[in-house]
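protein-v2.pdb, holding PDB, C-alpha atoms:
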```pdb
ATOM      1  CA  MET A   1     -61.159 -19.455 -57.033  1.00  0.00           C
ATOM      2  CA  SER A   2     -58.725 -22.326 -56.973  1.00  0.00           C
ATOM      3  CA  PHE A   3     -59.766 -25.820 -58.040  1.00  0.00           C
ATOM      4  CA  SER A   4     -59.673 -27.027 -54.420  1.00  0.00           C
ATOM      5  CA  GLY A   5     -61.729 -23.988 -53.381  1.00  0.00           C
ATOM      6  CA  LYS A   6     -64.374 -24.867 -55.975  1.00  0.00           C
ATOM      7  CA  ILE A   7     -64.494 -28.429 -54.696  1.00  0.00           C
ATOM      8  CA  THR A   8     -64.745 -27.208 -51.108  1.00  0.00           C
ATOM      9  CA  LEU A   9     -67.582 -24.834 -51.991  1.00  0.00           C
ATOM     10  CA  LEU A  10     -69.467 -27.425 -54.066  1.00  0.00           C
ATOM     11  CA  ALA A  11     -68.956 -30.104 -51.416  1.00  0.00           C
ATOM     12  CA  ALA A  12     -70.135 -27.702 -48.736  1.00  0.00           C
ATOM     13  CA  LEU A  13     -73.274 -26.881 -50.730  1.00  0.00           C
ATOM     14  CA  GLY A  14     -73.998 -30.602 -51.103  1.00  0.00           C
ATOM     15  CA  ILE A  15     -73.427 -31.350 -47.431  1.00  0.00           C
ATOM     16  CA  PHE A  16     -75.550 -28.432 -46.259  1.00  0.00           C
ATOM     17  CA  SER A  17     -78.417 -29.232 -48.588  1.00  0.00           C
ATOM     18  CA  ALA A  18     -78.373 -32.893 -47.571  1.00  0.00           C
ATOM     19  CA  GLY A  19     -78.250 -32.386 -43.826  1.00  0.00           C
ATOM     20  CA  CYS A  20     -80.656 -29.575 -43.098  1.00  0.00           C
ATOM     21  CA  SER A  21     -83.941 -29.686 -41.303  1.00  0.00           C
ATOM     22  CA  PRO A  22     -86.596 -26.994 -41.231  1.00  0.00           C
ATOM     23  CA  SER A  23     -85.989 -26.474 -37.525  1.00  0.00           C
ATOM     24  CA  SER A  24     -82.311 -25.453 -37.799  1.00  0.00           C
ATOM     25  CA  GLY A  25     -81.690 -22.588 -35.390  1.00  0.00           C
ATOM     26  CA  PRO A  26     -84.205 -20.618 -33.366  1.00  0.00           C
ATOM     27  CA  ALA A  27     -87.746 -20.874 -34.674  1.00  0.00           C
ATOM     28  CA  ASP A  28     -90.065 -17.973 -33.990  1.00  0.00           C
ATOM     29  CA  HIS A  29     -92.143 -17.305 -37.079  1.00  0.00           C
ATOM     30  CA  SER A  30     -94.508 -14.858 -35.403  1.00  0.00           C
ATOM     31  CA  SER A  31     -92.379 -11.842 -36.318  1.00  0.00           C
ATOM     32  CA  THR A  32     -91.689 -12.820 -39.935  1.00  0.00           C
ATOM     33  CA  GLU A  33     -95.063 -12.340 -41.556  1.00  0.00           C
ATOM     34  CA  SER A  34     -94.971  -8.621 -42.388  1.00  0.00           C
ATOM     35  CA  PRO A  35     -94.004  -8.174 -46.048  1.00  0.00           C
ATOM     36  CA  ALA A  36     -91.589  -5.414 -46.966  1.00  0.00           C
ATOM     37  CA  ALA A  37     -90.771  -3.783 -50.254  1.00  0.00           C
ATOM     38  CA  SER A  38     -87.721  -4.996 -52.097  1.00  0.00           C
ATOM     39  CA  ASP A  39     -84.998  -2.508 -52.900  1.00  0.00           C
ATOM     40  CA  ALA A  40     -85.334  -2.068 -56.654  1.00  0.00           C
ATOM     41  CA  SER A  41     -82.878   0.821 -56.641  1.00  0.00           C
ATOM     42  CA  GLN A  42     -79.909  -1.565 -56.632  1.00  0.00           C
ATOM     43  CA  GLY A  43     -78.710  -1.257 -60.230  1.00  0.00           C
ATOM     44  CA  GLY A  44     -76.745  -3.713 -62.339  1.00  0.00           C
ATOM     45  CA  GLY A  45     -77.479  -6.961 -64.103  1.00  0.00           C
ATOM     46  CA  ALA A  46     -78.723  -7.208 -67.642  1.00  0.00           C
ATOM     47  CA  THR A  47     -81.787  -9.370 -67.030  1.00  0.00           C
ATOM     48  CA  ALA A  48     -85.380  -8.507 -66.311  1.00  0.00           C
ATOM     49  CA  ALA A  49     -84.804  -9.775 -62.775  1.00  0.00           C
ATOM     50  CA  ALA A  50     -82.629  -6.715 -62.112  1.00  0.00           C
ATOM     51  CA  SER A  51     -85.645  -4.424 -62.429  1.00  0.00           C
ATOM     52  CA  LEU A  52     -87.402  -6.463 -59.743  1.00  0.00           C
ATOM     53  CA  GLY A  53     -84.813  -5.933 -57.013  1.00  0.00           C
ATOM     54  CA  LEU A  54     -82.616  -8.884 -57.961  1.00  0.00           C
ATOM     55  CA  THR A  55     -79.249  -8.051 -59.502  1.00  0.00           C
ATOM     56  CA  GLN A  56     -77.577 -10.670 -61.667  1.00  0.00           C
ATOM     57  CA  LEU A  57     -74.214 -11.776 -60.309  1.00  0.00           C
ATOM     58  CA  THR A  58     -71.200 -11.436 -62.563  1.00  0.00           C
ATOM     59  CA  THR A  59     -68.963 -14.397 -63.335  1.00  0.00           C
ATOM     60  CA  ASP A  60     -66.327 -12.886 -61.026  1.00  0.00           C
ATOM     61  CA  GLU A  61     -68.858 -12.537 -58.179  1.00  0.00           C
ATOM     62  CA  LEU A  62     -69.856 -16.166 -58.601  1.00  0.00           C
ATOM     63  CA  LYS A  63     -66.209 -17.223 -58.373  1.00  0.00           C
ATOM     64  CA  VAL A  64     -65.394 -15.352 -55.134  1.00  0.00           C
ATOM     65  CA  GLU A  65     -64.171 -17.864 -52.605  1.00  0.00           C
ATOM     66  CA  GLN A  66     -66.396 -17.835 -49.544  1.00  0.00           C
ATOM     67  CA  THR A  67     -66.110 -19.656 -46.252  1.00  0.00           C
ATOM     68  CA  ALA A  68     -69.110 -21.582 -44.956  1.00  0.00           C
ATOM     69  CA  SER A  69     -70.764 -20.204 -41.842  1.00  0.00           C
ATOM     70  CA  ILE A  70     -73.898 -22.310 -41.392  1.00  0.00           C
ATOM     71  CA  THR A  71     -74.599 -21.098 -37.868  1.00  0.00           C
ATOM     72  CA  SER A  72     -74.987 -17.471 -39.025  1.00  0.00           C
ATOM     73  CA  CYS A  73     -78.473 -17.715 -40.521  1.00  0.00           C
ATOM     74  CA  ASN A  74     -81.653 -19.604 -41.126  1.00  0.00           C
ATOM     75  CA  ILE A  75     -83.896 -18.986 -44.114  1.00  0.00           C
ATOM     76  CA  GLU A  76     -87.117 -20.209 -42.564  1.00  0.00           C
ATOM     77  CA  ALA A  77     -90.050 -19.532 -44.859  1.00  0.00           C
ATOM     78  CA  LEU A  78     -91.231 -18.570 -48.313  1.00  0.00           C
ATOM     79  CA  GLY A  79     -94.376 -16.566 -47.748  1.00  0.00           C
ATOM     80  CA  LYS A  80     -96.220 -18.432 -45.011  1.00  0.00           C
ATOM     81  CA  THR A  81     -94.781 -21.833 -45.948  1.00  0.00           C
ATOM     82  CA  VAL A  82     -91.947 -23.118 -43.783  1.00  0.00           C
ATOM     83  CA  PHE A  83     -89.056 -24.744 -45.633  1.00  0.00           C
ATOM     84  CA  GLY A  84     -88.711 -28.508 -45.344  1.00  0.00           C
ATOM     85  CA  ALA A  85     -86.744 -31.115 -47.253  1.00  0.00           C
ATOM     86  CA  ASP A  86     -88.542 -30.525 -50.569  1.00  0.00           C
ATOM     87  CA  PRO A  87     -88.207 -27.439 -52.800  1.00  0.00           C
ATOM     88  CA  LEU A  88     -90.942 -24.845 -52.338  1.00  0.00           C
ATOM     89  CA  ASP A  89     -92.867 -23.673 -55.400  1.00  0.00           C
ATOM     90  CA  VAL A  90     -92.783 -19.959 -56.044  1.00  0.00           C
ATOM     91  CA  THR A  91     -96.332 -18.815 -56.735  1.00  0.00           C
ATOM     92  CA  GLY A  92     -97.844 -15.400 -57.195  1.00  0.00           C
ATOM     93  CA  LYS A  93     -96.410 -12.026 -58.067  1.00  0.00           C
ATOM     94  CA  SER A  94     -94.211 -11.435 -55.044  1.00  0.00           C
ATOM     95  CA  THR A  95     -93.488 -13.288 -51.857  1.00  0.00           C
ATOM     96  CA  THR A  96     -91.450 -12.794 -48.736  1.00  0.00           C
ATOM     97  CA  VAL A  97     -88.383 -14.737 -47.776  1.00  0.00           C
ATOM     98  CA  SER A  98     -88.046 -14.678 -44.012  1.00  0.00           C
ATOM     99  CA  GLY A  99     -85.606 -15.885 -41.432  1.00  0.00           C
ATOM    100  CA  TRP A 100     -82.700 -14.470 -39.483  1.00  0.00           C
ATOM    101  CA  PHE A 101     -79.046 -13.529 -39.925  1.00  0.00           C
ATOM    102  CA  LEU A 102     -76.406 -12.826 -37.284  1.00  0.00           C
ATOM    103  CA  SER A 103     -72.765 -13.279 -38.191  1.00  0.00           C
ATOM    104  CA  ALA A 104     -71.258 -16.014 -36.042  1.00  0.00           C
ATOM    105  CA  VAL A 105     -67.910 -14.270 -36.591  1.00  0.00           C
ATOM    106  CA  SER A 106     -68.585 -10.940 -34.845  1.00  0.00           C
ATOM    107  CA  ARG A 107     -71.982 -11.735 -33.282  1.00  0.00           C
ATOM    108  CA  LYS A 108     -73.003  -8.146 -34.120  1.00  0.00           C
ATOM    109  CA  SER A 109     -76.268  -7.082 -35.696  1.00  0.00           C
ATOM    110  CA  GLY A 110     -76.104  -4.736 -38.664  1.00  0.00           C
ATOM    111  CA  VAL A 111     -73.537  -6.680 -40.704  1.00  0.00           C
ATOM    112  CA  PRO A 112     -74.726  -6.149 -44.304  1.00  0.00           C
ATOM    113  CA  ALA A 113     -76.011  -9.326 -45.938  1.00  0.00           C
ATOM    114  CA  GLN A 114     -77.384 -10.335 -49.308  1.00  0.00           C
ATOM    115  CA  LEU A 115     -79.965 -12.924 -50.217  1.00  0.00           C
ATOM    116  CA  ARG A 116     -78.544 -14.930 -53.117  1.00  0.00           C
ATOM    117  CA  VAL A 117     -80.543 -17.029 -55.558  1.00  0.00           C
ATOM    118  CA  LEU A 118     -78.212 -19.534 -57.266  1.00  0.00           C
ATOM    119  CA  ASN A 119     -78.998 -22.106 -59.926  1.00  0.00           C
ATOM    120  CA  MET A 120     -78.314 -25.659 -58.800  1.00  0.00           C
ATOM    121  CA  ALA A 121     -74.999 -25.810 -60.700  1.00  0.00           C
ATOM    122  CA  GLY A 122     -73.813 -22.559 -59.090  1.00  0.00           C
ATOM    123  CA  THR A 123     -73.062 -21.119 -62.525  1.00  0.00           C
ATOM    124  CA  ASP A 124     -75.692 -18.364 -62.522  1.00  0.00           C
ATOM    125  CA  GLY A 125     -77.196 -16.301 -59.764  1.00  0.00           C
ATOM    126  CA  TRP A 126     -78.867 -13.144 -58.555  1.00  0.00           C
ATOM    127  CA  GLN A 127     -78.827 -11.250 -55.285  1.00  0.00           C
ATOM    128  CA  LEU A 128     -80.432  -8.414 -53.416  1.00  0.00           C
ATOM    129  CA  PRO A 129     -79.428  -6.760 -50.174  1.00  0.00           C
ATOM    130  CA  ILE A 130     -81.464  -7.792 -47.169  1.00  0.00           C
ATOM    131  CA  GLY A 131     -83.067  -4.553 -46.067  1.00  0.00           C
ATOM    132  CA  SER A 132     -86.243  -5.442 -44.164  1.00  0.00           C
ATOM    133  CA  TRP A 133     -85.035  -6.233 -40.677  1.00  0.00           C
ATOM    134  CA  VAL A 134     -87.282  -7.235 -37.771  1.00  0.00           C
ATOM    135  CA  ALA A 135     -86.688  -7.993 -34.109  1.00  0.00           C
ATOM    136  CA  ARG A 136     -85.708 -11.563 -33.208  1.00  0.00           C
ATOM    137  CA  PRO A 137     -84.893 -11.606 -29.481  1.00  0.00           C
ATOM    138  CA  ASP A 138     -84.751 -15.424 -29.584  1.00  0.00           C
ATOM    139  CA  VAL A 139     -81.784 -15.263 -31.978  1.00  0.00           C
ATOM    140  CA  ILE A 140     -80.080 -12.462 -30.036  1.00  0.00           C
ATOM    141  CA  SER A 141     -80.295 -14.627 -26.912  1.00  0.00           C
ATOM    142  CA  SER A 142     -79.392 -18.030 -28.371  1.00  0.00           C
ATOM    143  CA  MET A 143     -76.491 -16.673 -30.477  1.00  0.00           C
ATOM    144  CA  HIS A 144     -75.136 -14.591 -27.563  1.00  0.00           C
ATOM    145  CA  ALA A 145     -75.129 -11.423 -29.652  1.00  0.00           C
ATOM    146  CA  VAL A 146     -72.956  -8.544 -28.471  1.00  0.00           C
ATOM    147  CA  ASP A 147     -75.782  -6.059 -29.136  1.00  0.00           C
ATOM    148  CA  SER A 148     -79.566  -6.111 -29.455  1.00  0.00           C
ATOM    149  CA  GLY A 149     -80.256  -4.912 -33.019  1.00  0.00           C
ATOM    150  CA  ASN A 150     -82.749  -6.437 -35.429  1.00  0.00           C
ATOM    151  CA  VAL A 151     -81.468  -9.707 -36.891  1.00  0.00           C
ATOM    152  CA  GLY A 152     -84.683 -11.163 -38.319  1.00  0.00           C
ATOM    153  CA  PHE A 153     -85.675 -10.398 -41.880  1.00  0.00           C
ATOM    154  CA  SER A 154     -88.814 -10.499 -43.970  1.00  0.00           C
ATOM    155  CA  GLN A 155     -87.669  -9.551 -47.460  1.00  0.00           C
ATOM    156  CA  ALA A 156     -90.129  -9.152 -50.339  1.00  0.00           C
ATOM    157  CA  VAL A 157     -88.771 -10.748 -53.511  1.00  0.00           C
ATOM    158  CA  ASP A 158     -90.289 -11.106 -56.963  1.00  0.00           C
ATOM    159  CA  PHE A 159     -88.918 -14.279 -58.567  1.00  0.00           C
ATOM    160  CA  ARG A 160     -91.087 -14.166 -61.745  1.00  0.00           C
ATOM    161  CA  ALA A 161     -88.293 -13.030 -64.086  1.00  0.00           C
ATOM    162  CA  LEU A 162     -86.044 -15.961 -63.183  1.00  0.00           C
ATOM    163  CA  PRO A 163     -85.825 -18.774 -65.724  1.00  0.00           C
ATOM    164  CA  ALA A 164     -87.844 -21.861 -64.806  1.00  0.00           C
ATOM    165  CA  GLY A 165     -85.875 -24.215 -62.590  1.00  0.00           C
ATOM    166  CA  GLN A 166     -84.659 -24.923 -59.072  1.00  0.00           C
ATOM    167  CA  TYR A 167     -82.535 -22.472 -57.088  1.00  0.00           C
ATOM    168  CA  HIS A 168     -80.624 -22.461 -53.803  1.00  0.00           C
ATOM    169  CA  LEU A 169     -81.353 -19.571 -51.446  1.00  0.00           C
ATOM    170  CA  VAL A 170     -78.287 -18.578 -49.444  1.00  0.00           C
ATOM    171  CA  VAL A 171     -77.181 -15.624 -47.348  1.00  0.00           C
ATOM    172  CA  SER A 172     -73.871 -14.045 -48.330  1.00  0.00           C
ATOM    173  CA  PHE A 173     -71.936 -11.560 -46.189  1.00  0.00           C
ATOM    174  CA  GLN A 174     -68.527 -10.170 -45.302  1.00  0.00           C
ATOM    175  CA  ASP A 175     -67.219  -9.866 -41.761  1.00  0.00           C
ATOM    176  CA  ALA A 176     -63.715  -9.147 -40.484  1.00  0.00           C
ATOM    177  CA  GLY A 177     -62.441  -8.902 -44.070  1.00  0.00           C
ATOM    178  CA  GLN A 178     -63.592 -12.400 -45.053  1.00  0.00           C
ATOM    179  CA  ALA A 179     -66.422 -13.435 -47.418  1.00  0.00           C
ATOM    180  CA  TYR A 180     -68.893 -15.974 -46.012  1.00  0.00           C
ATOM    181  CA  PHE A 181     -72.006 -17.815 -47.128  1.00  0.00           C
ATOM    182  CA  CYS A 182     -74.706 -19.449 -45.078  1.00  0.00           C
ATOM    183  CA  ASP A 183     -76.534 -22.250 -46.871  1.00  0.00           C
ATOM    184  CA  LYS A 184     -79.193 -24.212 -45.017  1.00  0.00           C
ATOM    185  CA  GLY A 185     -80.186 -26.177 -48.113  1.00  0.00           C
ATOM    186  CA  ARG A 186     -83.232 -24.055 -48.921  1.00  0.00           C
ATOM    187  CA  VAL A 187     -84.417 -24.648 -52.478  1.00  0.00           C
ATOM    188  CA  ILE A 188     -87.174 -22.966 -54.478  1.00  0.00           C
ATOM    189  CA  LYS A 189     -88.723 -24.011 -57.766  1.00  0.00           C
ATOM    190  CA  THR A 190     -89.877 -21.501 -60.389  1.00  0.00           C
ATOM    191  CA  SER A 191     -91.999 -22.345 -63.423  1.00  0.00           C
TER
END
```

Final structure tokens representation of the file:
Amino acid sequence: MSFSGKITLLAALGIFSAGCSPSSGPADHSSTESPAASDASQGGGATAAASLGLTQLTTDELKVEQTASITSCNIEALGKTVFGADPLDVTGKSTTVSGWFLSAVSRKSGVPAQLRVLNMAGTDGWQLPIGSWVARPDVISSMHAVDSGNVGFSQAVDFRALPAGQYHLVVSFQDAGQAYFCDKGRVIKTS
């Protein structure tokens, strides 16, 4: 990533985290409460988090230049707690991260996406594929999707193996040959 690309990405992360409200995008939490199993079969990563469904990102993966696409997602809740301006504490063995994702580029459901957990400096991170999709007709309608597939997600994640600290939750995806990230300023705190 070029120096200007790093500045753009870091500036974008700062802007998105400063200007987000918990009501960004369609808000229908009724279909996001069913927990789903995380996909622990995704290999890679040398940390304990890898065995829990999270795969540690390599230095090269962290450096991939991505374009911001903030209208493509909303990470809405951690368990039953809706995100607000303050970081949410991760408690318990496993919790669900729920929200929706629909690429604003193609407006098609089914574009593969990953949930990324990045330290606040952006120098370390983990990811897992989003695999627990649920219906979100409100998003399909408001985003003028070209099809009617499931675009909501309720992904079970076990954050216990992460080092104590604060982390950004972002959605990362590729569409039309370009890498994108969607950051609504959602922050969790592990202890």

Query raised in the report: Using only C-alpha atoms, which residues sit within 8 Å of Gly110 (chain A) once same-chain residues fewer than 4 positions away are excluded, as a ChimeraX atom specification?
Result: /A:149-151

Taking a cut-off of 12 Å and counting only C-alpha atoms, can you build a table that, for each residue of region 54-93 of chain A near region 162-181 of chain A, reports the nearest atom pair and how far apart they are in Å (one decimal), sorted by chain then residue number, as a Markdown table?
```
| residue | atom | partner | partner_atom | distance |
| --- | --- | --- | --- | --- |
| A:Leu54 | CA | A:Leu162 | CA | 9.4 |
| A:Thr55 | CA | A:Leu162 | CA | 11.1 |
| A:Gln56 | CA | A:Leu162 | CA | 10.1 |
| A:Glu61 | CA | A:Ala179 | CA | 11.1 |
| A:Leu62 | CA | A:Ser172 | CA | 11.2 |
| A:Lys63 | CA | A:Ala179 | CA | 11.6 |
| A:Val64 | CA | A:Ala179 | CA | 8.0 |
| A:Glu65 | CA | A:Ala179 | CA | 7.2 |
| A:Gln66 | CA | A:Tyr180 | CA | 4.7 |
| A:Thr67 | CA | A:Tyr180 | CA | 4.6 |
| A:Ala68 | CA | A:Phe181 | CA | 5.2 |
| A:Ser69 | CA | A:Phe181 | CA | 5.9 |
| A:Ile70 | CA | A:Phe181 | CA | 7.5 |
| A:Thr71 | CA | A:Phe181 | CA | 10.2 |
| A:Ser72 | CA | A:Phe181 | CA | 8.6 |
| A:Cys73 | CA | A:Val171 | CA | 7.3 |
| A:Asn74 | CA | A:Val171 | CA | 8.6 |
| A:Ile75 | CA | A:Val170 | CA | 7.7 |
| A:Glu76 | CA | A:Leu169 | CA | 10.6 |
| A:Ala77 | CA | A:Leu169 | CA | 10.9 |
| A:Leu78 | CA | A:Leu169 | CA | 10.4 |
| A:Phe83 | CA | A:Leu169 | CA | 10.9 |
| A:Asp86 | CA | A:Gln166 | CA | 10.9 |
| A:Pro87 | CA | A:Gln166 | CA | 7.6 |
| A:Leu88 | CA | A:Gln166 | CA | 9.2 |
| A:Asp89 | CA | A:Gln166 | CA | 9.1 |
| A:Val90 | CA | A:Gln166 | CA | 10.0 |
```

Report task. With a distance cut-off of 6 Å and all atoms listed in the file, select the neighbouring residues of Gly152 (chain A), excluding the residue or stretch itself and same-chain residues fewer than 4 positions from it, and output the selection as a list in words. Result -> Gly99, Trp100, Trp133, Val134, Ala135 and Arg136 of chain A

Once 5 Å is added on each side, what centre and edge lengths in Å to one decimal does the axis-aligned box around all listed atoms of region 58-73 of chain A have, as JSON?
```
{"center_x": -71.3, "center_y": -16.9, "center_z": -50.6, "size_x": 24.3, "size_y": 20.9, "size_z": 35.5}
```

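The nearest approach to Gly84 (chain A) among the residues A:Ser191, A:Ser106, A:Ser141, A:Arg186, with all atoms listed in the file taken into account, belongs to A:Arg186.
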
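Among the candidates A:Lys108, A:Arg116, A:Lys184, A:Arg160, the one nearest to Asp147 (chain A) when counting all atoms listed in the file is A:Lys108.
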
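CA of Val97 (chain A) is positioned 10.1 Å from CA of Asp158 (chain A).
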
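Counting all atoms listed in the file and comparing A:Leu57, A:Cys182, A:Ala156, A:Ala145, the residue that lies closest to Asn119 (chain A) is A:Leu57.
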
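Relative to CA of Asp124 (chain A), CA of Pro112 (chain A) is found at 22.0 Å.
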
Query raised in the report: Nearest to Thr95 (chain A): which of A:Val139, A:Ala121, A:Val111, A:Ile188 is it, counting all atoms listed in the file?
Result: A:Ile188

Query - Pick from A:Ser142, A:Ser148, A:Thr81, A:Ser154, whichever lies nearest to Leu115 (chain A) using only C-alpha atoms - result: A:Ser154

Requested in this report: Determine the nearest neighbour of Gly125 (chain A) from the options A:Ser109, A:Val82, A:Gly185, A:Thr59, counting all atoms listed in the file.
Outcome: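 Among the listed residues, the smallest separation from Gly125 (chain A) belongs to A:Thr59.
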
Save region 80-99 of chain A of the structure in the block above to a file, with N, CA and C atoms included, as a PDB file, in the first residue's frame.
```pdb
ATOM      1  N   LYS A  80     -27.319  -9.180  22.099  1.00  0.00           N
ATOM      2  CA  LYS A  80     -28.586  -8.442  22.055  1.00  0.00           C
ATOM      3  C   LYS A  80     -28.399  -6.948  22.291  1.00  0.00           C
ATOM      4  N   THR A  81     -27.126  -6.508  22.367  1.00  0.00           N
ATOM      5  CA  THR A  81     -26.844  -5.104  22.635  1.00  0.00           C
ATOM      6  C   THR A  81     -26.537  -4.366  21.342  1.00  0.00           C
ATOM      7  N   VAL A  82     -27.307  -3.332  21.068  1.00  0.00           N
ATOM      8  CA  VAL A  82     -27.134  -2.546  19.853  1.00  0.00           C
ATOM      9  C   VAL A  82     -25.925  -1.622  20.022  1.00  0.00           C
ATOM     10  N   PHE A  83     -25.115  -1.529  18.966  1.00  0.00           N
ATOM     11  CA  PHE A  83     -23.958  -0.636  19.020  1.00  0.00           C
ATOM     12  C   PHE A  83     -24.393   0.813  19.134  1.00  0.00           C
ATOM     13  N   GLY A  84     -23.642   1.572  19.906  1.00  0.00           N
ATOM     14  CA  GLY A  84     -23.809   3.010  20.043  1.00  0.00           C
ATOM     15  C   GLY A  84     -22.457   3.664  19.857  1.00  0.00           C
ATOM     16  N   ALA A  85     -22.261   4.799  20.490  1.00  0.00           N
ATOM     17  CA  ALA A  85     -21.009   5.535  20.350  1.00  0.00           C
ATOM     18  C   ALA A  85     -19.872   4.913  21.153  1.00  0.00           C
ATOM     19  N   ASP A  86     -20.188   4.214  22.239  1.00  0.00           N
ATOM     20  CA  ASP A  86     -19.159   3.646  23.104  1.00  0.00           C
ATOM     21  C   ASP A  86     -18.844   2.201  22.706  1.00  0.00           C
ATOM     22  N   PRO A  87     -17.604   1.755  22.966  1.00  0.00           N
ATOM     23  CA  PRO A  87     -17.262   0.352  22.697  1.00  0.00           C
ATOM     24  C   PRO A  87     -18.142  -0.581  23.522  1.00  0.00           C
ATOM     25  N   LEU A  88     -18.455  -1.736  22.958  1.00  0.00           N
ATOM     26  CA  LEU A  88     -19.229  -2.742  23.681  1.00  0.00           C
ATOM     27  C   LEU A  88     -18.273  -3.767  24.265  1.00  0.00           C
ATOM     28  N   ASP A  89     -18.505  -4.134  25.534  1.00  0.00           N
ATOM     29  CA  ASP A  89     -17.695  -5.145  26.197  1.00  0.00           C
ATOM     30  C   ASP A  89     -18.086  -6.525  25.703  1.00  0.00           C
ATOM     31  N   VAL A  90     -17.086  -7.317  25.389  1.00  0.00           N
ATOM     32  CA  VAL A  90     -17.314  -8.705  25.015  1.00  0.00           C
ATOM     33  C   VAL A  90     -17.364  -9.501  26.307  1.00  0.00           C
ATOM     34  N   THR A  91     -18.479 -10.171  26.536  1.00  0.00           N
ATOM     35  CA  THR A  91     -18.643 -10.986  27.738  1.00  0.00           C
ATOM     36  C   THR A  91     -19.087 -12.374  27.316  1.00  0.00           C
ATOM     37  N   GLY A  92     -18.785 -13.344  28.128  1.00  0.00           N
ATOM     38  CA  GLY A  92     -19.235 -14.700  27.860  1.00  0.00           C
ATOM     39  C   GLY A  92     -18.346 -15.441  26.888  1.00  0.00           C
ATOM     40  N   LYS A  93     -18.711 -16.684  26.670  1.00  0.00           N
ATOM     41  CA  LYS A  93     -17.938 -17.600  25.833  1.00  0.00           C
ATOM     42  C   LYS A  93     -18.017 -17.243  24.360  1.00  0.00           C
ATOM     43  N   SER A  94     -19.194 -17.027  23.863  1.00  0.00           N
ATOM     44  CA  SER A  94     -19.396 -16.752  22.446  1.00  0.00           C
ATOM     45  C   SER A  94     -20.564 -15.787  22.323  1.00  0.00           C
ATOM     46  N   THR A  95     -20.527 -14.981  21.309  1.00  0.00           N
ATOM     47  CA  THR A  95     -21.626 -14.049  21.093  1.00  0.00           C
ATOM     48  C   THR A  95     -21.851 -13.911  19.599  1.00  0.00           C
ATOM     49  N   THR A  96     -22.976 -13.361  19.241  1.00  0.00           N
ATOM     50  CA  THR A  96     -23.248 -13.136  17.825  1.00  0.00           C
ATOM     51  C   THR A  96     -22.985 -11.684  17.467  1.00  0.00           C
ATOM     52  N   VAL A  97     -22.483 -11.515  16.269  1.00  0.00           N
ATOM     53  CA  VAL A  97     -22.353 -10.195  15.667  1.00  0.00           C
ATOM     54  C   VAL A  97     -23.391 -10.192  14.559  1.00  0.00           C
ATOM     55  N   SER A  98     -24.301  -9.230  14.604  1.00  0.00           N
ATOM     56  CA  SER A  98     -25.384  -9.229  13.627  1.00  0.00           C
ATOM     57  C   SER A  98     -25.491  -7.888  12.926  1.00  0.00           C
ATOM     58  N   GLY A  99     -26.041  -7.948  11.757  1.00  0.00           N
ATOM     59  CA  GLY A  99     -26.239  -6.760  10.937  1.00  0.00           C
ATOM     60  C   GLY A  99     -26.626  -7.168   9.533  1.00  0.00           C
TER      61      GLY A  99
END
```
